[in-house]
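Peer 1: Just one file: my_file.tsv, with TSV, C-alpha atoms.
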```tsv
chain	number	residue	atom	x	y	z
A	14	MET	CA	85.99	116.28	114.28
A	15	THR	CA	86.89	115.10	117.77
A	16	ARG	CA	84.58	113.32	120.18
A	17	HIS	CA	85.26	112.95	123.88
A	18	LEU	CA	85.14	109.47	125.36
A	19	THR	CA	82.89	110.04	128.37
A	20	ASP	CA	80.64	107.63	130.21
A	21	ALA	CA	77.59	109.36	128.76
A	22	ALA	CA	78.96	108.97	125.22
A	23	LEU	CA	79.50	105.26	125.78
A	24	ARG	CA	76.06	104.68	127.24
A	25	ALA	CA	74.55	106.44	124.26
A	26	ARG	CA	76.29	103.93	121.96
A	27	GLY	CA	75.20	101.01	124.13
A	28	LEU	CA	76.79	97.69	124.94
A	29	PRO	CA	74.98	94.59	123.66
A	30	GLN	CA	73.93	92.28	126.49
A	31	PRO	CA	73.38	88.52	126.22
A	32	ASP	CA	69.87	87.14	126.46
A	33	GLY	CA	68.94	85.51	129.73
A	34	ASP	CA	68.95	82.06	128.15
A	35	SER	CA	72.15	82.48	126.11
A	36	ASP	CA	75.08	80.12	126.67
A	37	LYS	CA	78.83	80.60	126.45
A	38	GLU	CA	78.75	80.19	122.67
A	39	GLY	CA	76.50	83.22	122.48
A	40	ARG	CA	79.15	85.38	124.15
A	41	GLY	CA	81.80	84.61	121.60
A	42	ASN	CA	84.96	82.59	121.14
A	43	VAL	CA	88.32	84.33	121.68
A	44	LEU	CA	91.76	83.32	120.47
A	45	VAL	CA	94.79	84.75	122.27
A	46	VAL	CA	98.18	84.31	120.56
A	47	ALA	CA	100.64	85.60	123.11
A	48	GLY	CA	103.51	84.91	125.46
A	49	SER	CA	107.06	83.63	125.19
A	50	ARG	CA	109.74	82.00	127.27
A	51	GLU	CA	110.84	85.40	128.58
A	52	VAL	CA	107.37	87.01	128.88
A	53	PRO	CA	104.95	84.19	129.72
A	54	GLY	CA	102.71	86.41	131.85
A	55	ALA	CA	101.56	88.49	128.89
A	56	ALA	CA	99.41	85.60	127.69
A	57	LEU	CA	97.90	85.22	131.16
A	58	LEU	CA	97.05	88.92	131.47
A	59	THR	CA	95.54	89.13	127.99
A	60	ALA	CA	93.51	85.95	128.30
A	61	THR	CA	92.14	86.82	131.72
A	62	ALA	CA	91.07	90.26	130.53
A	63	ALA	CA	89.20	88.76	127.57
A	64	LEU	CA	87.17	86.61	129.96
A	65	ARG	CA	86.60	89.51	132.35
A	66	ALA	CA	85.16	91.47	129.43
A	67	GLY	CA	82.51	88.77	129.12
A	68	ALA	CA	83.73	86.48	126.35
A	69	GLY	CA	82.26	83.00	126.56
A	70	ARG	CA	85.06	80.72	125.35
A	71	LEU	CA	88.82	81.09	125.30
A	72	THR	CA	91.64	79.46	123.38
A	73	ILE	CA	95.24	80.39	124.14
A	74	ALA	CA	97.96	79.65	121.58
A	75	ALA	CA	101.39	80.02	123.13
A	76	PRO	CA	104.90	78.62	122.70
A	77	GLY	CA	105.17	75.02	123.82
A	78	CYS	CA	107.60	75.92	126.60
A	79	ILE	CA	104.86	77.77	128.52
A	80	ALA	CA	101.70	76.04	127.30
A	81	MET	CA	101.32	73.62	130.22
A	82	ALA	CA	101.83	76.36	132.81
A	83	LEU	CA	99.21	78.53	131.10
A	84	GLY	CA	96.74	75.65	131.07
A	85	LEU	CA	97.10	75.36	134.83
A	86	ALA	CA	96.98	79.14	135.39
A	87	VAL	CA	93.87	79.58	133.21
A	88	PRO	CA	91.81	76.42	133.70
A	89	GLU	CA	88.96	78.02	131.74
A	90	ALA	CA	91.01	77.93	128.52
A	91	ARG	CA	91.91	75.46	125.85
A	92	VAL	CA	95.66	75.79	125.30
A	93	ILE	CA	97.46	75.01	122.04
A	94	ALA	CA	101.24	74.61	122.11
A	95	LEU	CA	102.88	76.41	119.20
A	96	PRO	CA	106.25	75.53	117.67
A	97	GLU	CA	108.96	78.12	118.28
A	98	THR	CA	111.72	79.70	116.25
A	99	ALA	CA	115.30	79.57	117.50
A	100	ALA	CA	114.77	83.10	118.88
A	101	GLY	CA	111.65	82.06	120.79
A	102	GLY	CA	109.00	83.48	118.47
A	103	PRO	CA	106.00	81.77	116.90
A	104	ALA	CA	107.05	79.51	114.01
A	105	LEU	CA	104.94	79.55	110.86
A	106	GLY	CA	104.10	75.91	111.35
A	107	GLY	CA	101.76	77.00	114.11
A	108	ILE	CA	99.34	78.35	111.53
A	109	ASP	CA	98.55	74.78	110.51
A	110	LEU	CA	97.44	74.12	114.09
A	111	LEU	CA	95.25	77.20	114.26
A	112	ALA	CA	93.77	77.33	110.75
A	113	PRO	CA	91.05	74.74	111.53
A	114	LEU	CA	89.80	77.05	114.28
A	115	ALA	CA	89.50	80.14	112.08
A	116	GLY	CA	85.84	79.69	111.27
A	117	ARG	CA	84.93	79.21	114.93
A	118	ILE	CA	86.82	82.17	116.37
A	119	ASP	CA	84.88	85.44	116.75
A	120	ALA	CA	87.82	87.66	117.74
A	121	ALA	CA	91.57	87.17	118.06
A	122	VAL	CA	94.42	89.08	119.65
A	123	ILE	CA	97.99	88.54	118.50
A	124	GLY	CA	101.18	89.95	119.92
A	125	PRO	CA	101.37	90.47	123.68
A	126	GLY	CA	104.66	89.11	124.92
A	127	LEU	CA	105.73	87.53	121.61
A	128	MET	CA	109.46	87.37	120.91
A	129	ASP	CA	111.36	87.43	117.58
A	130	GLU	CA	109.89	90.41	115.72
A	131	ASP	CA	110.39	88.99	112.22
A	132	ALA	CA	108.74	85.71	113.17
A	133	ALA	CA	105.84	87.48	114.89
A	134	ILE	CA	105.22	89.60	111.79
A	135	ALA	CA	105.31	86.61	109.45
A	136	PHE	CA	103.01	84.60	111.73
A	137	THR	CA	100.52	87.48	112.00
A	138	ARG	CA	100.38	88.00	108.25
A	139	ALA	CA	99.78	84.30	107.74
A	140	TRP	CA	96.94	84.32	110.31
A	141	LEU	CA	95.32	87.32	108.65
A	142	GLU	CA	95.23	85.35	105.41
A	143	VAL	CA	93.01	82.66	106.95
A	144	PHE	CA	91.00	84.61	109.55
A	145	GLY	CA	88.12	86.93	108.73
A	146	GLY	CA	86.97	88.00	112.20
A	147	ALA	CA	87.84	90.95	114.40
A	148	VAL	CA	91.53	91.06	115.30
A	149	VAL	CA	93.54	93.11	117.78
A	150	LEU	CA	97.26	93.50	117.01
A	151	ASP	CA	99.65	94.40	119.78
A	152	ALA	CA	103.43	94.59	120.31
A	153	TYR	CA	105.49	92.93	117.54
A	154	ALA	CA	102.37	91.74	115.69
A	155	MET	CA	101.62	95.34	114.74
A	156	GLY	CA	104.56	95.26	112.35
A	157	ALA	CA	102.50	93.02	110.06
A	158	VAL	CA	100.57	96.11	108.95
A	159	ASP	CA	101.99	99.07	107.04
A	160	ALA	CA	101.19	101.23	104.02
A	161	GLU	CA	102.35	98.49	101.63
A	162	THR	CA	100.54	95.74	103.58
A	163	PRO	CA	97.40	97.40	104.95
A	164	ALA	CA	95.09	95.53	107.27
A	165	ARG	CA	91.32	95.50	106.91
A	166	ALA	CA	88.31	97.20	108.40
A	167	ASN	CA	88.00	94.76	111.32
A	168	ALA	CA	91.55	95.15	112.67
A	169	VAL	CA	92.78	97.48	115.40
A	170	LEU	CA	96.35	98.19	116.51
A	171	THR	CA	97.19	99.28	120.06
A	172	PRO	CA	100.58	101.06	120.13
A	173	HIS	CA	101.99	103.41	122.71
A	174	ALA	CA	104.11	106.33	121.53
A	175	GLY	CA	107.34	104.35	121.47
A	176	GLU	CA	105.80	101.55	119.42
A	177	MET	CA	104.21	104.03	117.03
A	178	ALA	CA	107.61	105.64	116.55
A	179	HIS	CA	109.07	102.23	115.72
A	180	LEU	CA	106.26	101.47	113.27
A	181	THR	CA	106.38	104.81	111.46
A	182	GLY	CA	110.04	105.79	111.72
A	183	LEU	CA	109.11	109.07	113.39
A	184	PRO	CA	110.82	110.30	116.56
A	185	LYS	CA	108.93	109.34	119.70
A	186	GLU	CA	108.73	113.02	120.66
A	187	THR	CA	106.96	113.80	117.38
A	188	VAL	CA	104.44	111.02	117.96
A	189	ALA	CA	103.78	112.29	121.48
A	190	ASP	CA	103.43	115.93	120.39
A	191	GLU	CA	101.20	115.12	117.41
A	192	ALA	CA	99.35	112.13	118.82
A	193	GLN	CA	95.97	112.81	117.25
A	194	ALA	CA	97.42	113.48	113.81
A	195	ARG	CA	99.70	110.43	114.00
A	196	ALA	CA	96.85	108.13	115.02
A	197	ARG	CA	94.65	109.46	112.21
A	198	ALA	CA	97.38	109.19	109.57
A	199	ALA	CA	98.24	105.64	110.59
A	200	SER	CA	94.61	104.57	110.61
A	201	GLU	CA	94.05	105.82	107.08
A	202	ALA	CA	97.34	104.42	105.75
A	203	TRP	CA	96.92	101.02	107.36
A	204	HIS	CA	93.14	100.71	106.78
A	205	ALA	CA	92.79	99.76	110.43
A	206	GLY	CA	91.72	101.15	113.76
A	207	VAL	CA	94.44	102.66	115.93
A	208	VAL	CA	94.38	103.07	119.70
A	209	LEU	CA	97.37	105.30	120.45
A	210	LYS	CA	97.83	104.83	124.18
A	211	GLY	CA	99.02	107.45	126.64
A	212	ALA	CA	97.87	109.74	129.42
A	213	THR	CA	95.61	110.99	126.65
A	214	THR	CA	94.57	108.13	124.39
A	215	TRP	CA	93.46	108.72	120.81
A	216	ILE	CA	91.22	106.26	118.98
A	217	ALA	CA	91.09	106.61	115.19
A	218	PHE	CA	89.23	104.40	112.72
A	219	PRO	CA	88.98	104.92	108.95
A	220	GLY	CA	85.99	107.08	108.05
A	221	GLU	CA	85.09	107.78	111.70
A	222	PRO	CA	85.63	110.84	113.92
A	223	ASP	CA	88.62	110.78	116.25
A	224	TRP	CA	87.93	109.92	119.88
A	225	ARG	CA	89.88	111.35	122.80
A	226	HIS	CA	90.15	109.82	126.26
A	227	GLY	CA	91.99	111.98	128.76
A	228	GLY	CA	92.79	111.71	132.41
A	229	GLY	CA	94.10	108.16	132.47
A	230	ASP	CA	95.47	107.37	135.92
A	231	VAL	CA	99.25	107.42	136.13
A	232	GLY	CA	99.18	103.98	137.74
A	233	LEU	CA	98.05	102.47	134.45
A	234	ALA	CA	101.54	103.10	133.08
A	235	THR	CA	102.77	99.81	134.48
A	236	SER	CA	104.14	96.59	133.05
A	237	GLY	CA	101.40	94.44	131.53
A	238	SER	CA	98.73	97.13	131.46
A	239	GLY	CA	98.63	97.19	127.67
A	240	ASP	CA	98.20	93.41	127.56
A	241	THR	CA	95.11	93.79	129.71
A	242	LEU	CA	93.70	96.48	127.42
A	243	ALA	CA	94.26	94.30	124.34
A	244	GLY	CA	92.41	91.46	126.04
A	245	LEU	CA	89.49	93.68	127.02
A	246	VAL	CA	89.00	94.95	123.47
A	247	THR	CA	89.18	91.41	122.10
A	248	GLY	CA	86.75	90.00	124.63
A	249	LEU	CA	84.22	92.72	123.85
A	250	ALA	CA	84.61	92.20	120.11
A	251	ALA	CA	84.01	88.47	120.56
A	252	ARG	CA	80.68	89.30	122.20
A	253	GLY	CA	79.59	90.94	118.95
A	254	VAL	CA	80.44	94.54	119.84
A	255	PRO	CA	81.55	96.43	116.68
A	256	LEU	CA	85.32	96.84	116.79
A	257	LEU	CA	85.25	100.62	117.15
A	258	ASP	CA	82.86	100.34	120.09
A	259	ALA	CA	84.93	97.51	121.55
A	260	ALA	CA	87.97	99.81	121.44
A	261	LEU	CA	86.05	102.68	123.06
A	262	TRP	CA	84.58	100.50	125.81
A	263	GLY	CA	87.90	98.75	126.35
A	264	VAL	CA	89.79	102.01	126.82
A	265	ARG	CA	87.21	103.38	129.25
A	266	LEU	CA	86.82	100.16	131.26
A	267	HIS	CA	90.60	99.90	131.50
A	268	ALA	CA	90.71	103.43	132.91
A	269	LEU	CA	87.82	102.80	135.31
A	270	ALA	CA	89.57	99.69	136.62
A	271	GLY	CA	92.62	101.84	137.32
A	272	GLU	CA	90.50	104.44	139.07
A	273	ARG	CA	88.96	101.79	141.33
A	274	LEU	CA	92.35	100.39	142.25
A	275	ALA	CA	93.80	103.86	142.84
A	276	ALA	CA	90.96	104.66	145.23
A	277	ARG	CA	91.89	101.62	147.34
A	278	HIS	CA	95.67	101.43	147.01
A	279	GLY	CA	96.84	104.87	145.90
A	280	ARG	CA	97.78	106.07	142.45
A	281	LEU	CA	101.00	104.04	142.22
A	282	GLY	CA	101.75	100.44	143.00
A	283	TYR	CA	98.70	98.53	141.85
A	284	LEU	CA	99.39	95.77	139.34
A	285	ALA	CA	98.23	94.99	135.83
A	286	ARG	CA	97.10	91.56	137.06
A	287	GLU	CA	94.56	93.34	139.30
A	288	LEU	CA	92.94	95.40	136.55
A	289	GLY	CA	90.88	92.60	135.03
A	290	ASP	CA	89.25	91.79	138.36
A	291	GLU	CA	87.78	95.30	138.49
A	292	VAL	CA	86.25	95.19	135.02
A	293	PRO	CA	82.98	93.25	135.59
A	294	ALA	CA	81.81	95.61	138.34
A	295	ALA	CA	82.94	98.68	136.40
A	296	MET	CA	81.11	97.43	133.31
A	297	HIS	CA	77.94	96.72	135.28
A	298	ALA	CA	78.03	100.16	136.88
A	299	LEU	CA	78.66	101.94	133.61
A	300	CYS	CA	75.91	100.06	131.79
A	301	ASN	CA	73.47	100.81	134.60
A	302	ARG	CA	74.25	104.53	134.82
A	303	GLN	CA	75.92	104.22	138.22
A	304	ALA	CA	79.30	105.51	137.10
A	305	PRO	CA	79.64	109.32	137.41
A	306	ASP	CA	80.51	111.19	134.25
A	307	GLY	CA	83.77	113.03	134.34
A	308	PRO	CA	84.46	116.41	132.74
A	309	PRO	CA	84.66	116.65	128.96
A	310	GLY	CA	87.62	114.67	127.74
A	311	SER	CA	87.65	112.31	130.73
```
In structure tokens, what does this structure look like?
Peer 2:
Amino acid sequence: MTRHLTDAALRARGLPQPDGDSDKEGRGNVLVVAGSREVPGAALLTATAALRAGAGRLTIAAPGCIAMALGLAVPEARVIALPETAAGGPALGGIDLLAPLAGRIDAAVIGPGLMDEDAAIAFTRAWLEVFGGAVVLDAYAMGAVDAETPARANAVLTPHAGEMAHLTGLPKETVADEAQARARAASEAWHAGVVLKGATTWIAFPGEPDWRHGGGDVGLATSGSGDTLAGLVTGLAARGVPLLDAALWGVRLHALAGERLAARHGRLGYLARELGDEVPAAMHALCNRQAPDGPPGS
């Protein structure tokens, strides 16, 4: 069974709203493990998106070489400097720094911009051993999950077709041609949610119907866009939104942000760093029935 991710479908599922007297703790605590010497901006994009989705508190864990710069770029965040491997990835010793936070983190995202694939996988697996909350895995961190090492019900992976090909060993063309089937098969094998990104995005969770989001603006296919999406899903999950709903809302809000930017700047040339700024207004409009519904599949 396939369901279409429309605005009406999202409003029917609802988006929990904080009480008028709630504080930042009530909107959840996010951990972002991201960035590297070569890709420091991924941590910035992901962290900003988590806040734009409404999360109340933010901790960024990033390699020591970029930690100070991130603290200045995101003054809202606590920043923890992680030890690095020789190849610039997260060293396992960083788990000792993060483990005391595990019980206070509501949702975590691991992977955007991380270097050293083997180190990222080992670090992610170690974090999953100590953390029981919702977790979004992106980029190299997704390699921590496979049929032999399945995840758990509160994990979601966010690959594009090329990353899914790398994870499964299938040709990229096969993944693109059979996107729904590949997302469903991976979800069941890995015991995790899968958001297979593309012009048509498929969202598959174990035991749930498949969801289809079509009509994504071509401008969203830009460097850093996926980091923003990962941050949106994580920020929503930290607010207490069930992970499937966080994935659905994140995908649609990401697309709406692109639509708003395209209306002002044209379909090409807007930047991933601009997407997060559009999210609060898009979320408000969608929650208050001001966003027009597109055709089925939009």
Peer 1: Could you name the residues that touch Leu288 in chain A at 8 Å or less, counting all atoms listed in the file, but leaving out those on the same chain fewer than 3 positions away, as a PyMOL selection string?
Peer 2: chain A and resi 238+241+267+270-271+274+284-285+291-292
Peer 1: To one decimal place, how far is CA of Ala99 in chain A from CA of Ala82 in chain A in Å?
Peer 2: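 If I compute the distance from CA of Ala99 in chain A to CA of Ala82 in chain A, I get 20.6 Å.
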Peer 1: Find the residues around Ala260 in chain A up to 8 Å (all atoms listed in the file counted), leave out those fewer than 4 positions away in its own chain, and share them as a PDB file with C-alpha atoms, keeping the file's coordinate frame.
Peer 2:
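Here's the written file out05.pdb:
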```pdb
ATOM      1  CA  VAL A 208      94.380 103.070 119.700  1.00  0.00           C
ATOM      2  CA  ILE A 216      91.220 106.260 118.980  1.00  0.00           C
ATOM      3  CA  VAL A 246      89.000  94.950 123.470  1.00  0.00           C
ATOM      4  CA  LEU A 256      85.320  96.840 116.790  1.00  0.00           C
ATOM      5  CA  VAL A 264      89.790 102.010 126.820  1.00  0.00           C
TER       6      VAL A 264
END
```
Peer 1: Compare A:Gly282, A:Pro293, A:Gly146, A:Gly101 by their minimum atom-to-atom distance to Leu44 in chain A, counting all atoms listed in the file, and give me the closest one.
Peer 2: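 That would be A:Gly146, the residue with the smallest distance to Leu44 in chain A.
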Peer 1: Could you give me, as a PyMOL selection string, the residues within 10 Å of range 124-130 of chain A, counting all atoms listed in the file and dropping anything in the same chain fewer than 6 positions from it?
Peer 2: chain A and resi 45-59+75-76+97-104+136-137+149-157+237+239-241+243-244
Peer 1: One decimal, Å: what's the distance from CA of Leu110 in chain A over to CA of Arg65 in chain A, could you say?
Peer 2: 26.2 Å
Peer 1: Could you check which of A:Gly232, A:Gly27, A:Gly77, A:Gly220 is closest to Leu261 in chain A, using only C-alpha atoms?
Peer 2: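 Among A:Gly232, A:Gly27, A:Gly77, A:Gly220, it is A:Gly27 that comes nearest to Leu261 in chain A.
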Peer 1: Could you check how far CA of Asp131 in chain A sits from CA of Ala115 in chain A, in Å to one decimal?
Peer 2: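 Interatomic distance here is 22.7 Å.
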Peer 1: Within 12 Å of Arg225 in chain A, counting all atoms listed in the file, which residues show up once you throw out same-chain ones fewer than 4 positions away? Write them as a PyMOL selection string, please.
Peer 2: chain A and resi 14-19+22+192-194+196-197+207-217+229+260-261+264-265+309-311
Peer 1: Using only C-alpha atoms, please write the residues we just selected to a file, as an mmCIF file, in the frame of the given file.
Peer 2:
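Below you can see result37.cif, which holds the result:
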```
data_model
loop_
_atom_site.group_PDB
_atom_site.id
_atom_site.type_symbol
_atom_site.label_atom_id
_atom_site.label_comp_id
_atom_site.auth_asym_id
_atom_site.auth_seq_id
_atom_site.Cartn_x
_atom_site.Cartn_y
_atom_site.Cartn_z
ATOM 1 C CA MET A 14 85.990 116.280 114.280
ATOM 2 C CA THR A 15 86.890 115.100 117.770
ATOM 3 C CA ARG A 16 84.580 113.320 120.180
ATOM 4 C CA HIS A 17 85.260 112.950 123.880
ATOM 5 C CA LEU A 18 85.140 109.470 125.360
ATOM 6 C CA THR A 19 82.890 110.040 128.370
ATOM 7 C CA ALA A 22 78.960 108.970 125.220
ATOM 8 C CA ALA A 192 99.350 112.130 118.820
ATOM 9 C CA GLN A 193 95.970 112.810 117.250
ATOM 10 C CA ALA A 194 97.420 113.480 113.810
ATOM 11 C CA ALA A 196 96.850 108.130 115.020
ATOM 12 C CA ARG A 197 94.650 109.460 112.210
ATOM 13 C CA VAL A 207 94.440 102.660 115.930
ATOM 14 C CA VAL A 208 94.380 103.070 119.700
ATOM 15 C CA LEU A 209 97.370 105.300 120.450
ATOM 16 C CA LYS A 210 97.830 104.830 124.180
ATOM 17 C CA GLY A 211 99.020 107.450 126.640
ATOM 18 C CA ALA A 212 97.870 109.740 129.420
ATOM 19 C CA THR A 213 95.610 110.990 126.650
ATOM 20 C CA THR A 214 94.570 108.130 124.390
ATOM 21 C CA TRP A 215 93.460 108.720 120.810
ATOM 22 C CA ILE A 216 91.220 106.260 118.980
ATOM 23 C CA ALA A 217 91.090 106.610 115.190
ATOM 24 C CA GLY A 229 94.100 108.160 132.470
ATOM 25 C CA ALA A 260 87.970 99.810 121.440
ATOM 26 C CA LEU A 261 86.050 102.680 123.060
ATOM 27 C CA VAL A 264 89.790 102.010 126.820
ATOM 28 C CA ARG A 265 87.210 103.380 129.250
ATOM 29 C CA PRO A 309 84.660 116.650 128.960
ATOM 30 C CA GLY A 310 87.620 114.670 127.740
ATOM 31 C CA SER A 311 87.650 112.310 130.730
#
```
Peer 1: Using only C-alpha atoms, which residue out of A:Thr72, A:Thr247, A:Ser200, A:Asn42 lies closest to Ala160 in chain A?
Peer 2: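 Once distances to Ala160 in chain A are computed over only C-alpha atoms, the minimum belongs to A:Ser200.
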Peer 1: For Val148 in chain A, please output as a VMD selection string all residues within 8 Å (counting all atoms listed in the file; exclusion window: fewer than 3 positions along the same chain).
Peer 2: chain A and resid 120 to 123 167 to 169 247
Peer 1: Which residue, A:Leu299, A:Val188, A:Met81, A:Ile118, has the smallest gap to Ala68 in chain A when you use all atoms listed in the file?
Peer 2: A:Ile118
Peer 1: My list of candidates is A:Leu269, A:Ala276, A:Ala259, A:Cys300. Which is closest to Ala21 in chain A when distances are computed with only C-alpha atoms?
Peer 2: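 Selected residue with least distance to Ala21 in chain A: A:Cys300.
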